[in-house]
>>> print(open('my_file-v7.txt').read())   # compact mmCIF, C-alpha atoms and all ligand atoms
# COMPACT_ATOMS: atom_id res chain seq x y z
CA MET A 6 -28.69 11.53 13.02
CA LYS A 7 -25.16 11.95 14.35
CA VAL A 8 -22.54 10.74 11.88
CA VAL A 9 -18.83 10.26 12.51
CA THR A 10 -16.37 9.41 9.73
CA ALA A 11 -12.97 7.94 10.55
CA LYS A 12 -10.08 10.30 9.81
CA THR A 13 -8.09 7.36 8.45
CA ALA A 14 -10.91 6.15 6.14
CA GLY A 15 -9.89 5.60 2.53
CA PHE A 16 -6.60 6.27 0.77
CA CYS A 17 -3.44 6.32 2.83
CA PHE A 18 -1.13 9.31 2.50
CA GLY A 19 1.08 7.66 -0.16
CA VAL A 20 -1.77 6.61 -2.45
CA GLN A 21 -3.58 9.95 -2.08
CA ARG A 22 -0.37 11.73 -3.02
CA ALA A 23 0.10 9.54 -6.12
CA VAL A 24 -3.51 10.01 -7.31
CA ASP A 25 -3.28 13.78 -6.70
CA LYS A 26 -0.11 13.95 -8.80
CA VAL A 27 -1.88 12.39 -11.80
CA TYR A 28 -4.85 14.78 -11.54
CA GLU A 29 -2.37 17.66 -11.20
CA LEU A 30 -0.72 16.65 -14.49
CA ILE A 31 -4.14 16.50 -16.18
CA SER A 32 -4.99 19.99 -14.93
CA GLN A 33 -1.69 21.23 -16.35
CA ASN A 34 -2.72 19.78 -19.74
CA VAL A 35 0.29 17.47 -19.81
CA ALA A 36 -0.14 14.83 -22.52
CA PRO A 37 0.23 11.99 -23.09
CA ILE A 38 0.28 10.68 -19.52
CA TYR A 39 1.07 7.06 -18.67
CA THR A 40 0.99 5.31 -15.31
CA LEU A 41 3.25 2.31 -14.77
CA GLY A 42 0.55 -0.11 -13.67
CA PRO A 43 -2.80 1.14 -12.28
CA ILE A 44 -2.22 4.09 -9.94
CA ILE A 45 -4.57 2.46 -7.42
CA HIS A 46 -6.62 -0.76 -7.20
CA ASN A 47 -9.89 1.02 -7.73
CA GLU A 48 -11.67 0.56 -11.06
CA GLY A 49 -13.67 3.78 -10.74
CA VAL A 50 -10.57 5.95 -10.34
CA VAL A 51 -8.66 4.16 -13.12
CA GLU A 52 -11.66 4.50 -15.49
CA ASP A 53 -12.01 8.19 -14.67
CA LEU A 54 -8.33 8.72 -15.42
CA GLU A 55 -8.65 6.77 -18.66
CA LYS A 56 -11.51 9.04 -19.76
CA LYS A 57 -9.19 11.97 -19.12
CA GLY A 58 -6.57 10.41 -21.39
CA VAL A 59 -4.32 8.65 -18.86
CA GLN A 60 -3.12 5.27 -20.11
CA VAL A 61 -2.01 2.38 -17.93
CA ILE A 62 1.10 0.65 -19.25
CA GLN A 63 3.27 -2.17 -17.97
CA GLU A 64 7.03 -1.95 -17.55
CA ASP A 65 7.68 -4.10 -20.62
CA GLN A 66 5.85 -1.54 -22.79
CA LEU A 67 8.20 1.32 -21.86
CA GLU A 68 10.37 0.91 -24.96
CA THR A 69 7.32 1.24 -27.24
CA ILE A 70 6.59 4.80 -26.07
CA GLN A 71 8.13 7.67 -27.97
CA GLU A 72 7.01 10.68 -25.94
CA GLY A 73 5.08 11.71 -22.87
CA THR A 74 5.18 11.62 -19.08
CA VAL A 75 5.33 8.43 -17.07
CA VAL A 76 4.01 8.40 -13.52
CA ILE A 77 5.70 5.97 -11.14
CA ARG A 78 3.07 4.87 -8.62
CA SER A 79 3.36 4.71 -4.83
CA HIS A 80 4.74 1.12 -4.83
CA GLY A 81 7.94 2.39 -6.47
CA VAL A 82 10.17 0.67 -9.04
CA GLY A 83 13.72 -0.60 -9.30
CA LYS A 84 16.64 1.53 -10.48
CA ASN A 85 16.66 -0.02 -13.96
CA VAL A 86 13.15 1.33 -14.64
CA TYR A 87 14.31 4.92 -14.00
CA ASP A 88 17.25 4.25 -16.32
CA ARG A 89 14.97 2.90 -19.04
CA ILE A 90 12.59 5.87 -18.79
CA LYS A 91 15.53 8.27 -19.12
CA ALA A 92 17.10 6.28 -21.97
CA GLN A 93 13.79 6.48 -23.81
CA GLY A 94 13.85 10.28 -23.44
CA LEU A 95 10.56 10.34 -21.51
CA ASP A 96 9.60 12.69 -18.71
CA TYR A 97 8.58 11.15 -15.42
CA VAL A 98 6.85 12.06 -12.20
CA ASP A 99 7.92 10.02 -9.24
CA ALA A 100 4.92 9.30 -7.00
CA THR A 101 6.74 6.60 -5.02
CA CYS A 102 5.59 6.83 -1.42
CA PRO A 103 8.37 8.47 0.67
CA PHE A 104 8.24 5.49 3.06
CA VAL A 105 9.07 3.17 0.15
CA LEU A 106 11.76 5.53 -1.17
CA LYS A 107 13.39 5.34 2.24
CA ILE A 108 13.68 1.53 1.84
CA HIS A 109 15.21 1.98 -1.63
CA ARG A 110 17.86 4.27 -0.15
CA ILE A 111 18.59 1.84 2.72
CA VAL A 112 19.07 -1.25 0.52
CA GLU A 113 21.11 0.70 -2.02
CA ARG A 114 23.41 2.09 0.68
CA GLU A 115 23.73 -1.20 2.58
CA SER A 116 24.31 -3.20 -0.62
CA LEU A 117 27.09 -0.85 -1.64
CA ALA A 118 28.58 -1.21 1.83
CA GLY A 119 28.72 -4.98 1.23
CA SER A 120 25.72 -6.23 3.24
CA GLN A 121 23.56 -9.19 2.34
CA ILE A 122 20.01 -7.80 2.08
CA VAL A 123 16.93 -9.61 3.40
CA ILE A 124 13.54 -8.24 2.38
CA ILE A 125 10.65 -9.56 4.45
CA GLY A 126 7.63 -9.52 2.16
CA ASP A 127 5.88 -11.06 -0.81
CA ARG A 128 8.23 -11.42 -3.79
CA GLU A 129 5.27 -11.15 -6.21
CA HIS A 130 4.29 -7.74 -4.85
CA PRO A 131 5.38 -4.79 -7.04
CA GLU A 132 6.73 -2.91 -4.02
CA VAL A 133 9.06 -5.79 -3.17
CA GLN A 134 10.14 -6.15 -6.80
CA GLY A 135 10.99 -2.44 -6.79
CA ILE A 136 13.04 -2.81 -3.58
CA CYS A 137 14.94 -5.78 -5.07
CA GLY A 138 15.79 -3.51 -7.99
CA TRP A 139 17.90 -1.30 -5.70
CA CYS A 140 20.04 -4.12 -4.32
CA THR A 141 23.46 -4.19 -5.96
CA GLY A 142 24.70 -7.31 -4.16
CA PRO A 143 23.18 -10.51 -2.75
CA PHE A 144 19.59 -10.28 -1.56
CA THR A 145 16.83 -12.67 -0.47
CA VAL A 146 13.08 -12.23 -0.12
CA ILE A 147 11.51 -14.02 2.83
CA ARG A 148 7.75 -14.35 3.11
CA ASN A 149 7.14 -17.15 5.56
CA LYS A 150 8.68 -19.49 8.09
CA GLU A 151 9.79 -21.99 5.41
CA ASP A 152 11.69 -19.25 3.54
CA ALA A 153 13.32 -18.11 6.79
CA ASP A 154 14.33 -21.68 7.65
CA GLN A 155 15.98 -22.06 4.25
CA PHE A 156 17.86 -18.76 4.42
CA VAL A 157 21.62 -19.15 4.16
CA PRO A 158 23.71 -16.31 5.60
CA ILE A 159 26.87 -15.56 3.64
CA MET A 160 29.94 -16.12 5.78
CA GLY A 161 31.33 -12.90 7.20
CA LYS A 162 28.75 -10.62 5.58
CA LYS A 163 26.65 -8.19 7.55
CA ILE A 164 22.91 -8.86 7.06
CA CYS A 165 20.52 -5.96 6.60
CA VAL A 166 16.83 -6.80 7.10
CA VAL A 167 14.01 -4.54 5.82
CA SER A 168 10.30 -5.13 5.41
CA GLN A 169 7.62 -4.53 2.80
CA THR A 170 5.66 -1.55 4.14
CA THR A 171 2.37 -3.43 4.44
CA PHE A 172 3.74 -6.58 6.07
CA ASN A 173 2.14 -7.77 9.30
CA TYR A 174 4.28 -6.67 12.28
CA ASN A 175 3.83 -9.88 14.33
CA LYS A 176 4.84 -12.05 11.37
CA PHE A 177 7.84 -9.77 10.79
CA LYS A 178 8.93 -10.24 14.40
CA ASP A 179 8.59 -14.05 14.16
CA LEU A 180 10.63 -14.23 10.96
CA VAL A 181 13.33 -11.95 12.37
CA GLU A 182 13.57 -14.28 15.36
CA ILE A 183 14.32 -17.22 13.04
CA LEU A 184 16.98 -15.13 11.29
CA ARG A 185 18.56 -14.18 14.60
CA LYS A 186 19.17 -17.87 15.32
CA LYS A 187 20.36 -18.47 11.75
CA ARG A 188 23.31 -16.17 12.12
CA TYR A 189 24.92 -18.81 14.36
CA ASP A 190 24.41 -21.60 11.77
CA ASN A 191 27.65 -23.39 10.84
CA THR A 192 29.42 -20.93 13.13
CA VAL A 193 28.62 -18.10 10.70
CA LEU A 194 28.21 -15.29 13.19
CA ASN A 195 26.98 -12.31 11.20
CA ILE A 196 25.98 -8.87 12.37
CA LEU A 197 22.25 -8.46 11.88
CA ASN A 198 20.96 -4.97 11.15
CA ILE A 199 17.16 -5.05 11.48
CA LEU A 200 15.19 -2.11 10.17
CA ASN A 201 11.46 -2.18 10.74
CA THR A 202 10.18 -0.37 7.64
CA ILE A 203 6.51 -1.30 8.12
CA CYS A 204 4.12 1.60 7.57
CA ASN A 205 1.43 1.92 10.21
CA ALA A 206 -1.30 3.39 7.94
CA THR A 207 -3.22 0.08 7.86
CA GLU A 208 -2.91 -0.53 11.57
CA GLU A 209 -4.06 3.00 12.39
CA ARG A 210 -7.08 2.65 10.09
CA GLN A 211 -8.04 -0.62 11.83
CA LYS A 212 -7.55 0.81 15.32
CA GLU A 213 -9.69 3.85 14.60
CA ALA A 214 -12.43 1.73 12.96
CA LYS A 215 -12.52 -0.53 16.02
CA HIS A 216 -12.77 2.43 18.35
CA ILE A 217 -15.61 4.07 16.39
CA ALA A 218 -17.51 0.78 15.95
CA GLY A 219 -17.42 0.36 19.73
CA GLU A 220 -19.29 3.64 20.19
CA VAL A 221 -21.93 3.84 17.45
CA ASP A 222 -25.32 2.17 16.84
CA THR A 223 -24.66 1.47 13.16
CA MET A 224 -21.27 1.12 11.50
CA LEU A 225 -20.75 1.40 7.73
CA VAL A 226 -17.65 -0.01 6.06
CA VAL A 227 -17.24 1.32 2.52
CA GLY A 228 -15.12 -0.44 -0.07
CA GLY A 229 -14.86 -2.71 -3.10
CA ARG A 230 -16.26 -6.23 -2.81
CA HIS A 231 -12.86 -7.79 -3.52
CA SER A 232 -10.80 -5.48 -1.33
CA SER A 233 -9.18 -7.68 1.31
CA ASN A 234 -8.34 -4.77 3.59
CA THR A 235 -12.00 -3.63 3.52
CA GLN A 236 -13.12 -7.17 4.43
CA LYS A 237 -10.69 -7.10 7.35
CA LEU A 238 -12.09 -3.74 8.48
CA PHE A 239 -15.60 -5.18 8.29
CA GLU A 240 -14.63 -8.16 10.50
CA ILE A 241 -13.03 -5.87 13.09
CA CYS A 242 -16.07 -3.58 13.20
CA LYS A 243 -18.58 -6.43 13.27
CA LYS A 244 -16.99 -7.73 16.49
CA GLU A 245 -17.57 -4.35 18.13
CA CYS A 246 -20.91 -3.47 16.58
CA GLU A 247 -23.49 -6.09 15.53
CA ASN A 248 -25.09 -3.49 13.22
CA THR A 249 -22.12 -3.28 10.86
CA TYR A 250 -22.74 -3.17 7.09
CA TYR A 251 -20.38 -3.57 4.15
CA ILE A 252 -21.36 -1.23 1.33
CA GLN A 253 -19.78 -0.19 -1.95
CA THR A 254 -21.64 3.03 -2.73
CA PRO A 255 -24.57 5.09 -1.31
CA VAL A 256 -26.90 2.98 -3.51
CA ASP A 257 -26.44 0.08 -1.06
CA LEU A 258 -27.83 2.10 1.85
CA ASP A 259 -31.15 0.92 3.24
CA SER A 260 -33.37 2.44 5.94
CA GLU A 261 -33.37 -0.91 7.78
CA MET A 262 -29.70 -0.34 8.59
CA PHE A 263 -30.61 2.66 10.71
CA GLN A 264 -33.60 1.40 12.65
CA CYS A 265 -33.22 2.52 16.27
CA SER A 266 -29.92 4.22 15.36
CA SER A 267 -29.04 7.74 16.33
CA TYR A 268 -25.28 7.48 15.95
CA VAL A 269 -23.61 6.18 12.77
CA GLY A 270 -19.93 5.52 12.15
CA ILE A 271 -18.25 5.33 8.74
CA THR A 272 -14.90 3.93 7.71
CA ALA A 273 -13.51 2.82 4.36
CA GLY A 274 -10.88 0.57 2.84
CA ALA A 275 -7.56 1.83 1.49
CA SER A 276 -8.73 2.04 -2.12
CA THR A 277 -12.02 3.86 -1.53
CA PRO A 278 -11.97 7.40 -2.97
CA LYS A 279 -12.79 10.32 -0.67
CA LYS A 280 -15.66 11.30 -3.00
CA ILE A 281 -17.53 8.03 -2.32
CA ILE A 282 -16.96 8.32 1.45
CA GLU A 283 -18.36 11.88 1.36
CA GLU A 284 -21.37 10.78 -0.70
CA VAL A 285 -22.18 8.03 1.80
CA GLN A 286 -21.83 10.52 4.65
CA GLU A 287 -24.14 13.04 2.96
CA HIS A 288 -26.69 10.37 2.08
CA VAL A 289 -26.88 9.12 5.65
CA ARG A 290 -27.24 12.68 7.01
CA ILE A 291 -29.93 13.77 4.56
CA LYS A 292 -31.99 10.63 3.97
CA PHE A 293 -32.03 8.81 7.27
FE1 LIG B 301 0.45 4.00 1.99
FE2 LIG B 301 2.95 4.69 1.78
FE3 LIG B 301 2.11 3.43 3.88
S1 LIG B 301 1.64 4.01 0.15
S2 LIG B 301 0.45 2.13 3.17
S3 LIG B 301 1.54 5.48 3.28
S4 LIG B 301 3.97 3.05 2.79
>>> encode(input="my_file-v7.txt", output="structure tokens", more="lines below")
Ligand code: F3S
Amino acid sequence: MKVVTAKTAGFCFGVQRAVDKVYELISQNVAPIYTLGPIIHNEGVVEDLEKKGVQVIQEDQLETIQEGTVVIRSHGVGKNVYDRIKAQGLDYVDATCPFVLKIHRIVERESLAGSQIVIIGDREHPEVQGICGWCTGPFTVIRNKEDADQFVPIMGKKICVVSQTTFNYNKFKDLVEILRKKRYDNTVLNILNILNTICNATEERQKEAKHIAGEVDTMLVVGGRHSSNTQKLFEICKKECENTYYIQTPVDLDSEMFQCSSYVGITAGASTPKKIIEEVQEHVRIKF
């Protein structure tokens, strides 16, 4: 059986880096270790870390901790969280994805220069909340057409537009188009500085999955049942390869999936650990 696994399967660079940092601290016998929110949306990984003594805390618990090391996850946090960690005398390891850090630096710089900041994204998402926390002047979060329609440019202020890293590029373009027209509203002609800060990790994973699914006899998509990005990968692959299966672990593999198959492709959602992907790969190679 020939098996090909997508290079982009599983964790993106930023999440892998954050998870690695926590395991590195464990191997250095650092204790106690806290992560600000779960390091990744994968129960297996979070449970494993818990067994190794890593505790998940929320931002509002920071002041209850007397000692230890706090890991800031890839989503990043606002400036006030760094200040609170330092004020509490705690150590911290910053695992904010460098692509998110870049947005923090942009909005901080542009705010200080007097711009009105527009963040295209979901205001409930921790990454967006972190970005807001670096704005020192007026800022607005825009998620959809209605929000864009309601946006009021401040007379004479330059507008700086950034995006949540995982926002859909086509939606971003549409919303920016509405903002472009807005700058003429009530004769407020503002300079619009648009910075596309979308990360292409998701798009690349989808493109590669589509390509592989188009070539193999059976396609396996590995990921948690509730992972929306894994469901999306499954839909993309299913269109290319009728024999596409959504599995969570090697236990879900069945010989029926490989009838008349000599070439199998594997991809995985963004929160699927490398270990599970490798186990699936080995299982397919050995057993079928
Ligand atoms: Fe991942 Fe960083 Fe992109 S966390 S999705 S590589 S912005």
>>> atom_distance(input="my_file-v7.txt", atom1="CA of Ser120 in chain A", atom2="CA of Asn175 in chain A")
24.8 Å
>>> residues_near_ligand(input="my_file-v7.txt", ligand="ligand LIG 301 (chain B)", cutoff="7 Å", atoms="only C-alpha atoms and all ligand atoms", output="JSON, numbers by chain")
{"A": [17, 18, 19, 20, 79, 80, 102, 103, 104, 105, 170, 171, 204, 205, 206, 207]}
>>> residues_around(input="my_file-v7.txt", residues="range 81-96 of chain A", least_positions_apart="6", cutoff="8 Å", atoms="only C-alpha atoms", output="MDAnalysis selection string")
chainID A and resid 64 67:68 70:75 102 105:106 131:132 134:139
>>> residues_around(input="my_file-v7.txt", residues="range 149-158 of chain A", least_positions_apart="4", cutoff="7 Å", atoms="all atoms listed in the file", output="list in words")
Leu180, Ile183, Leu184 and Arg188 of chain A
>>> write_last_selection(input="my_file-v7.txt", atoms="C-alpha atoms", output="JSON list (two decimals), keeping the file's coordinate frame")
[["chain", "number", "residue", "atom", "x", "y", "z"],
["A", 180, "LEU", "CA", 10.63, -14.23, 10.96],
["A", 183, "ILE", "CA", 14.32, -17.22, 13.04],
["A", 184, "LEU", "CA", 16.98, -15.13, 11.29],
["A", 188, "ARG", "CA", 23.31, -16.17, 12.12]]
>>> closest_residue(input="my_file-v7.txt", among="A:Tyr97, A:Tyr250, A:Phe177, A:Phe263", to="Ile77 in chain A", atoms="only C-alpha atoms")
A:Tyr97
>>> atom_distance(input="my_file-v7.txt", atom1="CA of Ser116 in chain A", atom2="CA of Asp99 in chain A")
22.8 Å
>>> closest_residue(input="my_file-v7.txt", among="A:Ile199, A:Val256, A:Val146, A:Val51", to="Ile111 in chain A", atoms="all atoms listed in the file")
A:Ile199
>>> closest_residue(input="my_file-v7.txt", among="A:Thr202, A:Ile44, A:Val50, A:Asn195", to="Ile108 in chain A", atoms="all atoms listed in the file")
A:Thr202
>>> residues_around(input="my_file-v7.txt", residues="Gly58 in chain A", least_positions_apart="6", cutoff="10 Å", atoms="only C-alpha atoms", output="list in words")
Ile31, Val35, Ala36, Pro37, Ile38, Tyr39 and Glu52 of chain A
